[in-house]
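See structure below.
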Amino acid sequence: MKLITEMTSEIKYLTERKEDGSKNIYIEGIFMQADKENKNGRIYPRRIMESELSRYQTLIKEKRSLGELGHPPNPTINLDKVSHLITNLRFEGNDIVGKAKILDTPMGKIAQNFIEEGVGLGVSSRGLGSLKEKNGVNEVQDDFHLA
């Protein structure tokens, strides 16, 4: 198995004000896509992504769907680099749309500052799995595990 990463920049920012005057910042948009060749020349079959999204819902419900600032080179989450918590991940057509809350961690504060200063951020997904070339495109195989 190898580490498979994807990057997308189709993200919007949302700010929700709380009654006490504080705010929550979220990012929302297309996190991944299925049955479509992406910029990295890979295709994630929908049946595989449906299975992984179903499994990943448990992590979301248990608030263990953490993400890091940056583009880490391995599938393990480094807690000292956590910046956000994925709160929703769902299919809309073949797009996998997600929403993530920016956390009040050191890396989350950096992400929040970037957002407030207008820096364009994207979302990077990571998983482990194997690839098989089909017609010049790498297709993700059944052993894929969304990290």
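A note on labels: chains of the structure tokens are A, B, ... as shown, every chain counts residues from 1, and ligands are counted from 1 in their shown order.
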Which residues, written as number ranges by chain, have at least one atom at most 10 Å from Gly41 of chain A, with only C-alpha atoms counted and residues fewer than 2 positions away on the same chain left out? A: 36-39, 43, 133, 136-139
Any chance you could tabulate, as a tab-separated table, the residues of segment 71-95 of chain A at most 7 Å from segment 106-126 of chain A with each one's nearest atom pair and distance in Å to one decimal, using only C-alpha atoms, in chain and rising number order?
residue	atom	partner	partner_atom	distance
A:His71	CA	A:Ser124	CA	6.5
A:Pro75	CA	A:Arg126	CA	6.2
A:Lys81	CA	A:Met107	CA	5.8
A:Val82	CA	A:Met107	CA	6.1
A:Ser83	CA	A:Gly108	CA	3.8
A:His84	CA	A:Gly108	CA	6.3
Any chance you can output those residues with C-alpha atoms as a CSV table (one decimal), in the first residue's frame?
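Listing of result_31.csv after writing:
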chain,number,residue,atom,x,y,z
A,71,HIS,CA,0.2,18.5,3.5
A,75,PRO,CA,-1.2,8.9,7.0
A,81,LYS,CA,-0.3,19.8,14.1
A,82,VAL,CA,-4.1,19.5,14.2
A,83,SER,CA,-6.0,22.5,12.9
A,84,HIS,CA,-9.5,21.3,12.2
What is the atom CA of Val140 of chain A-atom CA of Tyr44 of chain A distance in Å, reported with one decimal? 5.3 Å
Selection near Arg90 of chain A, 10 Å with only C-alpha atoms, sequence-local residues under 6 positions removed, as a list in words: Ile30, Phe31, Glu50, Leu53, Ser54, Gln57, Ile96, Val97, Gly98 and Lys99 of chain A
Create the file for the chosen residues now, containing C-alpha atoms and written as a compact mmCIF listing (two decimals), in the first residue's frame.
# COMPACT_ATOMS: atom_id res chain seq x y z
CA ILE A 30 -15.50 19.71 -2.36
CA PHE A 31 -13.02 17.57 -0.42
CA GLU A 50 -19.21 5.16 -0.61
CA LEU A 53 -17.46 7.51 3.62
CA SER A 54 -19.79 5.16 5.46
CA GLN A 57 -19.00 8.64 9.58
CA ILE A 96 -17.64 14.49 -1.73
CA VAL A 97 -18.53 17.70 0.07
CA GLY A 98 -17.19 18.36 3.52
CA LYS A 99 -17.37 20.88 6.31
Just asking: which residues within segment 37-101 of chain A are strand (DSSP E) according to DSSP, as an NGL selection string? :A and (42-43 or 66-68 or 82-92 or 95-101)
Closest of A:Ser22, A:Thr76, A:Thr8, A:Gln33 to Asn94 of chain A - atom-to-atom distances counting only C-alpha atoms: A:Gln33
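Our summary of the geometry notes that atom CA of Asp142 of chain A is positioned 25.3 Å from atom CA of Thr87 of chain A.
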Please identify the helix (DSSP H, G or I) residues within segment 44-108 of chain A (assignment by DSSP from backbone atoms) and present them as a VMD selection string. chain A and resid 46 to 61 79 to 81 106 to 108
Quick one: pull the distance between atom CA of Leu14 of chain A and atom CA of Ile102 of chain A, Å, one decimal. 10.1 Å
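Counting only C-alpha atoms, Lys63 of chain A has the following residues at most 12 Å away, ignoring those fewer than 4 positions along the same chain: A:Tyr56, A:Gln57, A:Thr58, A:Leu59, A:Gly67, A:His84, A:Leu85, A:Ile86, A:Thr87, A:Asn88, A:Ala100, A:Lys101, A:Leu103.
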Quick one: write out the picked residues with C-alpha atoms as a PDB file, in the first residue's frame?
ATOM      1  CA  TYR A  56     -15.622   7.462   8.209  1.00  0.00           C
ATOM      2  CA  GLN A  57     -19.005   8.635   9.579  1.00  0.00           C
ATOM      3  CA  THR A  58     -18.139   6.884  12.857  1.00  0.00           C
ATOM      4  CA  LEU A  59     -15.029   9.052  13.207  1.00  0.00           C
ATOM      5  CA  GLY A  67      -7.045  17.196  10.174  1.00  0.00           C
ATOM      6  CA  HIS A  84      -9.531  21.348  12.168  1.00  0.00           C
ATOM      7  CA  LEU A  85     -12.277  18.838  12.886  1.00  0.00           C
ATOM      8  CA  ILE A  86     -14.338  17.449  10.022  1.00  0.00           C
ATOM      9  CA  THR A  87     -17.981  17.844  11.033  1.00  0.00           C
ATOM     10  CA  ASN A  88     -19.692  16.644   7.851  1.00  0.00           C
ATOM     11  CA  ALA A 100     -14.660  21.338   8.918  1.00  0.00           C
ATOM     12  CA  LYS A 101     -14.463  23.514  12.015  1.00  0.00           C
ATOM     13  CA  LEU A 103     -10.091  24.494  16.072  1.00  0.00           C
TER      14      LEU A 103
END
Shell around Ser130 of chain A at 9 Å using only C-alpha atoms, local window under 6 positions removed, as a PDB file with C-alpha atoms, in the first residue's frame:
ATOM      1  CA  MET A   1       0.000   0.000   0.000  1.00  0.00           C
ATOM      2  CA  LYS A   2       1.092   3.530  -0.615  1.00  0.00           C
ATOM      3  CA  LEU A   3       0.072   6.913   0.700  1.00  0.00           C
ATOM      4  CA  ILE A   4      -2.415   8.571  -1.658  1.00  0.00           C
ATOM      5  CA  GLU A 139      -7.503   3.725 -10.364  1.00  0.00           C
ATOM      6  CA  VAL A 140      -7.712   3.429  -6.595  1.00  0.00           C
ATOM      7  CA  GLN A 141      -8.314  -0.180  -5.564  1.00  0.00           C
ATOM      8  CA  ASP A 142     -10.598  -1.898  -3.033  1.00  0.00           C
ATOM      9  CA  ASP A 143      -7.955  -1.775  -0.284  1.00  0.00           C
ATOM     10  CA  PHE A 144      -8.221   2.051  -0.050  1.00  0.00           C
TER      11      PHE A 144
END
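Here the question is which of A:Ile77, A:Met7, A:Ile48, A:Ile60 gets nearest to Gly129 of chain A using only C-alpha atoms, and that residue is A:Ile48.
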